file protein_9.txt (compact mmCIF, C-alpha atoms)
# COMPACT_ATOMS: atom_id res chain seq x y z
CA MET A 111 4.70 -12.21 3.55
CA THR A 112 2.08 -13.46 6.01
CA ASP A 113 -1.01 -15.68 6.14
CA GLY A 114 -4.58 -14.43 6.40
CA ALA A 115 -8.13 -15.73 6.34
CA SER A 116 -8.07 -16.01 2.54
CA GLY A 117 -4.56 -17.46 2.27
CA PRO A 118 -1.05 -16.02 1.87
CA VAL A 119 -0.69 -12.24 1.61
CA THR A 120 2.25 -10.41 0.05
CA LEU A 121 3.32 -7.14 1.64
CA LEU A 122 5.75 -4.57 0.25
CA ARG A 123 6.99 -1.64 2.33
CA VAL A 124 7.96 1.52 0.44
CA ALA A 125 9.91 3.82 2.74
CA GLY A 126 8.61 7.38 2.75
CA ALA A 127 9.45 10.73 4.27
CA ASP A 128 8.36 12.15 7.63
CA GLU A 129 8.24 8.70 9.28
CA VAL A 130 5.36 7.55 7.04
CA ASP A 131 5.74 4.42 4.89
CA VAL A 132 3.38 2.99 2.27
CA HIS A 133 2.65 -0.74 2.47
CA LEU A 134 1.17 -2.48 -0.58
CA VAL A 135 -0.92 -5.55 0.25
CA LEU A 136 -1.80 -8.31 -2.24
CA GLY A 137 -3.89 -11.39 -1.46
CA PRO A 138 -5.03 -14.39 -3.50
CA ALA A 139 -7.23 -13.74 -6.54
CA ALA A 140 -10.83 -12.75 -5.70
CA SER A 141 -10.04 -12.35 -1.98
CA PRO A 142 -12.42 -10.02 -0.11
CA PRO A 143 -10.72 -6.61 0.20
CA GLY A 144 -11.63 -6.34 3.88
CA GLU A 145 -9.89 -9.60 4.72
CA VAL A 146 -6.73 -8.70 2.80
CA LEU A 147 -6.51 -5.24 4.38
CA ALA A 148 -7.19 -6.66 7.86
CA THR A 149 -4.34 -9.12 7.40
CA GLY A 150 -2.03 -6.34 6.22
CA ILE A 151 -2.92 -4.14 9.19
CA ALA A 152 -2.31 -7.01 11.62
CA ALA A 153 1.08 -7.65 10.01
CA VAL A 154 2.33 -4.05 10.12
CA GLU A 155 1.12 -3.70 13.71
CA GLY A 156 3.03 -6.84 14.68
CA ALA A 157 -0.11 -8.76 15.69
CA VAL A 158 0.68 -11.62 13.27
CA PRO A 159 4.10 -12.90 12.15
CA ALA A 160 5.43 -11.93 8.73
CA ALA A 161 8.34 -13.55 6.89
CA ASP A 162 11.11 -11.36 5.51
CA GLY A 163 11.84 -11.64 1.80
CA THR A 164 15.33 -12.99 2.47
CA THR A 165 13.90 -16.06 4.22
CA LEU A 166 11.25 -17.02 1.66
CA PRO A 167 11.79 -20.09 -0.54
CA GLU A 168 12.40 -19.81 -4.26
CA GLY A 169 9.45 -20.10 -6.61
CA THR A 170 6.15 -18.28 -6.01
CA PRO A 171 5.78 -18.22 -2.22
CA GLY A 172 3.08 -15.54 -2.27
CA PRO A 173 0.59 -13.75 -4.55
CA GLY A 174 2.39 -11.78 -7.26
CA LEU A 175 5.77 -12.77 -5.85
CA THR A 176 8.51 -14.68 -7.70
CA ILE A 177 11.92 -15.50 -6.19
CA ARG A 178 14.83 -17.16 -7.98
CA THR A 179 18.62 -17.28 -8.03
CA VAL A 180 20.26 -16.17 -11.28
CA ASP A 181 23.69 -15.53 -12.77
CA SER A 182 24.69 -11.95 -12.00
CA TYR A 183 27.58 -9.50 -12.20
CA SER A 184 27.06 -8.72 -8.50
CA PRO A 185 26.24 -10.91 -5.51
CA ARG A 186 23.81 -8.33 -4.15
CA PRO A 187 20.11 -9.35 -4.09
CA VAL A 188 17.73 -7.48 -6.39
CA LEU A 189 14.06 -6.59 -5.90
CA ARG A 190 11.95 -5.57 -8.90
CA VAL A 191 8.48 -4.14 -8.32
CA ARG A 192 5.69 -3.71 -10.85
CA THR A 193 2.79 -1.59 -9.69
CA PRO A 194 0.57 1.05 -11.30
CA ALA A 195 0.29 4.63 -10.17
CA PHE A 196 -3.05 5.37 -8.59
CA SER A 197 -5.04 8.30 -7.30
CA LEU A 198 -8.03 7.85 -5.01
CA LEU A 199 -10.62 10.41 -3.96
CA VAL A 200 -13.45 9.17 -1.77
CA GLU A 201 -16.22 11.12 -0.04
CA HIS A 202 -18.55 9.70 2.62
CA ASP A 203 -21.79 10.92 4.20
CA LEU A 204 -21.16 10.07 7.86
CA LEU A 205 -24.83 10.47 8.78
CA GLU A 206 -25.65 7.42 6.66
CA HIS A 207 -23.89 5.48 9.42
CA ALA A 208 -24.61 7.84 12.30
CA GLY A 209 -24.56 5.11 14.93
CA LEU A 210 -21.12 3.90 13.86
CA PHE A 211 -19.60 7.39 14.24
CA GLY A 212 -21.43 8.31 17.44
CA LEU A 213 -23.62 10.89 15.70
CA GLU A 214 -27.01 9.26 16.17
CA SER A 215 -28.18 11.20 19.23
CA ALA A 216 -26.51 14.45 18.17
CA SER A 217 -28.33 14.44 14.84
CA GLY A 218 -31.79 13.83 16.30
CA ALA A 219 -34.41 16.54 15.83
CA GLU A 220 -35.45 16.65 19.49
CA GLY A 221 -33.54 18.29 22.33
CA ASP A 222 -30.50 20.50 22.72
CA HIS A 223 -27.48 18.31 21.98
CA PHE A 224 -24.81 20.94 22.69
CA PRO A 225 -25.91 22.91 25.76
CA GLY A 226 -23.67 25.81 26.67
CA VAL A 227 -22.36 26.25 23.13
CA SER A 228 -25.16 28.48 21.90
CA ARG A 229 -28.34 30.13 23.19
CA LEU A 230 -30.18 28.32 20.42
CA PRO A 231 -30.56 24.53 20.34
CA LEU A 232 -27.96 22.95 18.08
CA VAL A 233 -28.16 19.73 16.08
CA ILE A 234 -25.80 18.15 13.56
CA GLY A 235 -27.39 18.64 10.16
CA SER A 236 -24.64 17.16 7.98
CA ALA A 237 -21.34 15.34 8.42
CA ARG A 238 -19.12 14.37 5.51
CA GLN A 239 -15.59 13.12 5.14
CA ALA A 240 -13.32 13.29 2.09
CA ALA A 241 -10.09 11.34 1.72
CA MET A 242 -7.46 11.46 -0.99
CA ALA A 243 -4.42 9.28 -1.64
CA ARG A 244 -1.86 9.33 -4.47
CA PHE A 245 0.91 6.90 -5.26
CA HIS A 246 3.21 7.52 -8.19
CA ALA A 247 6.84 7.26 -9.18
CA THR A 248 8.00 10.63 -7.84
CA GLY A 249 5.93 10.11 -4.69
CA PHE A 250 8.18 7.36 -3.40
CA GLU A 251 11.22 7.21 -5.62
CA ALA A 252 13.38 9.52 -7.71
CA ALA A 253 16.10 8.15 -9.92
CA ALA A 254 18.57 9.44 -12.50
CA VAL A 255 19.87 7.33 -15.36
CA THR A 256 23.15 8.19 -17.06
CA ALA A 257 24.19 6.62 -20.35
CA ILE A 258 27.84 6.74 -21.41
CA ALA A 259 29.09 5.44 -24.73
CA ALA A 260 32.53 3.83 -24.63
CA GLN A 261 34.51 1.74 -27.02
CA PRO A 262 35.21 -1.70 -25.56
CA ARG A 263 38.84 -2.71 -25.17
CA GLY A 264 38.24 -6.28 -24.15
CA GLY A 265 35.58 -8.91 -23.70
CA MET A 266 32.32 -8.41 -21.81
CA PRO A 267 32.57 -8.89 -18.03
CA ARG A 268 31.61 -12.33 -16.83
CA ALA A 269 28.58 -12.96 -14.69
CA GLY A 270 30.65 -14.56 -11.99
CA HIS A 271 28.13 -14.47 -9.18
CA ARG A 272 24.84 -16.05 -8.21
CA ALA A 273 22.33 -13.55 -6.82
CA ARG A 274 18.84 -13.72 -5.41
CA HIS A 275 16.24 -11.91 -7.56
CA ALA A 276 12.75 -11.20 -6.29
CA GLU A 277 9.91 -9.71 -8.32
CA ALA A 278 6.67 -8.39 -6.80
CA ALA A 279 3.89 -7.66 -9.31
CA PHE A 280 0.87 -5.74 -8.05
CA THR A 281 -1.13 -6.16 -11.25
CA SER A 282 -4.36 -7.48 -9.74
CA PRO A 283 -6.57 -5.71 -7.15
CA PHE A 284 -4.53 -4.79 -4.07
CA GLY A 285 -4.67 -2.69 -0.94
CA PHE A 286 -2.44 0.01 0.48
CA LEU A 287 -1.71 1.25 3.99
CA ALA A 288 -0.06 4.49 5.10
CA VAL A 289 1.76 3.62 8.32
CA HIS A 290 3.65 5.71 10.88
CA ARG A 291 7.02 3.98 10.99
CA THR A 292 7.77 4.33 14.71
CA SER A 293 4.37 3.69 16.29
CA ARG A 294 3.08 1.37 13.51
CA LEU A 295 -0.17 3.32 13.58
CA VAL A 296 -2.15 2.90 10.34
CA LEU A 297 -3.02 6.43 9.20
CA ALA A 298 -4.95 5.54 6.03
CA ALA A 299 -6.05 2.44 4.13
CA GLY A 300 -7.59 1.88 0.71
CA TRP A 301 -8.17 -0.60 -2.11
CA VAL A 302 -7.18 -0.31 -5.79
CA ALA A 303 -9.94 -2.28 -7.52
CA ASP A 304 -8.71 -1.82 -11.10
CA PRO A 305 -4.91 -1.54 -11.30
CA ASP A 306 -5.02 -1.29 -15.12
CA ALA A 307 -7.31 1.75 -15.12
CA ASP A 308 -6.22 5.32 -15.73
CA PRO A 309 -4.88 6.66 -12.40
CA ASP A 310 -7.52 9.42 -12.37
CA ARG A 311 -10.36 6.92 -12.73
CA VAL A 312 -9.42 4.36 -10.06
CA SER A 313 -12.04 4.00 -7.32
CA GLY A 314 -11.46 3.17 -3.70

call {"tool": "encode", "arguments": {"input": "protein_9.txt", "output": "structure tokens"}}
result
Amino acid sequence: MTDGASGPVTLLRVAGADEVDVHLVLGPAASPPGEVLATGIAAVEGAVPAADGTTLPEGTPGPGLTIRTVDSYSPRPVLRVRTPAFSLLVEHDLLEHAGLFGLESASGAEGDHFPGVSRLPLVIGSARQAAMARFHATGFEAAAVTAIAAQPRGGMPRAGHRARHAEAAFTSPFGFLAVHRTSRLVLAAGWVADPDADPDRVSG
């Protein structure tokens, strides 16, 4: 967890394959997406301090986050996460922001913008970018559950331990970051505006 311009921000890292992790980022209700994502990026890059879940106080120290100590059969801490699957597909016309992407002069009608490439004058006529991201159960976790029926021979085991339980619920609009684990380079970022929507209809 860290602090941003809009208040506390909860971050959850989901370890992935090929050195790429997914970080889910949740800010206070109605926070501007840009501010929440900027805070998350600063945290994963190490530009701002972030508190580890083991050091946070009990209660609700951050958005969507609840921490408490409960009776348990094991002393090991438990983290429960509630988040929807989502699928984002976004397409941009880069020439609508030609100056931002350095395409302004190259897309002008006058002059030869790429001399030496062709005998005919060349100009950029279109520039588009498409991005897709998917996050679902088999994309970051695979689990097998085995049920065995047995006849009890004694009493139920006693919950003889006290364990720390943390729950992170990403049930309101949140952001996500795909981050290279070693370099901390943010490879992709997006915003899930309607977590309750059908995964194929979520917009970024």

call {"tool": "closest_residue", "arguments": {"input": "protein_9.txt", "among": "A:Ala303, A:Arg272, A:Leu134, A:Gly285", "to": "Tyr183 of chain A", "atoms": "only C-alpha atoms"}}
result
A:Arg272

call {"tool": "closest_residue", "arguments": {"input": "protein_9.txt", "among": "A:Gly270, A:Pro305, A:Gly150, A:Gly212", "to": "Gly114 of chain A", "atoms": "all atoms listed in the file"}}
result
A:Gly150

call {"tool": "closest_residue", "arguments": {"input": "protein_9.txt", "among": "A:Pro173, A:Gly126, A:Pro167, A:Gly117", "to": "Phe284 of chain A", "atoms": "all atoms listed in the file"}}
result
A:Pro173

call {"tool": "atom_distance", "arguments": {"input": "protein_9.txt", "atom1": "atom CA of Arg294 of chain A", "atom2": "atom CA of Ala152 of chain A"}}
result
10.1 Å

call {"tool": "residues_around", "arguments": {"input": "protein_9.txt", "residues": "Val135 of chain A", "least_positions_apart": "5", "cutoff": "9 Å", "atoms": "all atoms listed in the file", "output": "count of residues only"}}
result
13

call {"tool": "atom_distance", "arguments": {"input": "protein_9.txt", "atom1": "atom CA of Ala298 of chain A", "atom2": "atom CA of Val130 of chain A"}}
result
10.6 Å

call {"tool": "atom_distance", "arguments": {"input": "protein_9.txt", "atom1": "atom CA of Ala299 of chain A", "atom2": "atom CA of Val191 of chain A"}}
result
20.2 Å

call {"tool": "residues_near_point", "arguments": {"input": "protein_9.txt", "point": "(15.8, -19.7, -3.3)", "cutoff": "9 Å", "atoms": "only C-alpha atoms", "output": "list in words"}}
result
Thr164, Thr165, Leu166, Pro167, Glu168, Gly169, Ile177, Arg178, Thr179, Arg274 and His275 of chain A

call {"tool": "residues_around", "arguments": {"input": "protein_9.txt", "residues": "segment 180-182 of chain A", "least_positions_apart": "6", "cutoff": "6 Å", "atoms": "all atoms listed in the file", "output": "list in words"}}
result
Ala269, His271, Arg272 and Ala273 of chain A

call {"tool": "write_last_selection", "arguments": {"input": "protein_9.txt", "atoms": "C-alpha atoms", "output": "PDB file, keeping the file's coordinate frame"}}
result
ATOM      1  CA  ALA A 269      28.580 -12.960 -14.690  1.00  0.00           C
ATOM      2  CA  HIS A 271      28.130 -14.470  -9.180  1.00  0.00           C
ATOM      3  CA  ARG A 272      24.840 -16.050  -8.210  1.00  0.00           C
ATOM      4  CA  ALA A 273      22.330 -13.550  -6.820  1.00  0.00           C
TER       5      ALA A 273
END

call {"tool": "residues_near_point", "arguments": {"input": "protein_9.txt", "point": "(8.6, -11.1, 7.3)", "cutoff": "7 Å", "atoms": "all atoms listed in the file", "output": "number ranges by chain"}}
result
A: 111, 159-163

call {"tool": "closest_residue", "arguments": {"input": "protein_9.txt", "among": "A:Ala216, A:Leu232, A:Ala148, A:Ala237", "to": "Leu204 of chain A", "atoms": "only C-alpha atoms"}}
result
A:Ala237

call {"tool": "closest_residue", "arguments": {"input": "protein_9.txt", "among": "A:Val296, A:Ala139, A:Val124, A:Val233", "to": "Ala153 of chain A", "atoms": "all atoms listed in the file"}}
result
A:Val296
